[in-house]
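Some notes on the structure that comes next.
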Amino acid sequence: MWLHIVGTVIKNGAHNMQAQPLPTTWRNDAPLAARTYSTEQAAAALHIRPQTLRAALCRDGHYCGIRPIKLPNRFLAWPVEAVERLTSGEAVA
């Protein structure tokens with residue numbers, strides 16, 4: 001038998017802490033998401049490994065002139081326009 005108490009779960013007398021999801025309001029980040037790639041998506045578009053992007057960013061602060069946006073959740077958002085310019089052979093400013 002499981003008994004849920006705020007922040008804890010008790011099962012047959014055992015007392016364990018368990019994280020409970022908190023209700024949050026929906027944030028619409030769709031405009032940003034539509035204009036950016038994740039690291040994995042950008043790497044696939046550039047035909048390289050995701051770690052290549054991460055290593056270049058750590059080492060040089062950019063990958064071939066492309067600087068990602070660091071999101072609050074610590075993920076990187078790579079600008080679609082810059083990635084597409086690089087794949088088409090144009091210079092990235």
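Just so we're on the same page: first chain in the structure tokens is A, next is B, and so on; residues restart at 1 for each chain, and ligands are numbered from 1 in the order they show up.
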
What's the 12 Å shell around range 61-71 of chain A, counting only C-alpha atoms, without same-chain residues fewer than 5 positions away, as a VMD selection string?
chain A and resid 29 32 to 33 35 to 39 42 to 43 46 48 50 to 56 76 to 87 89 to 93
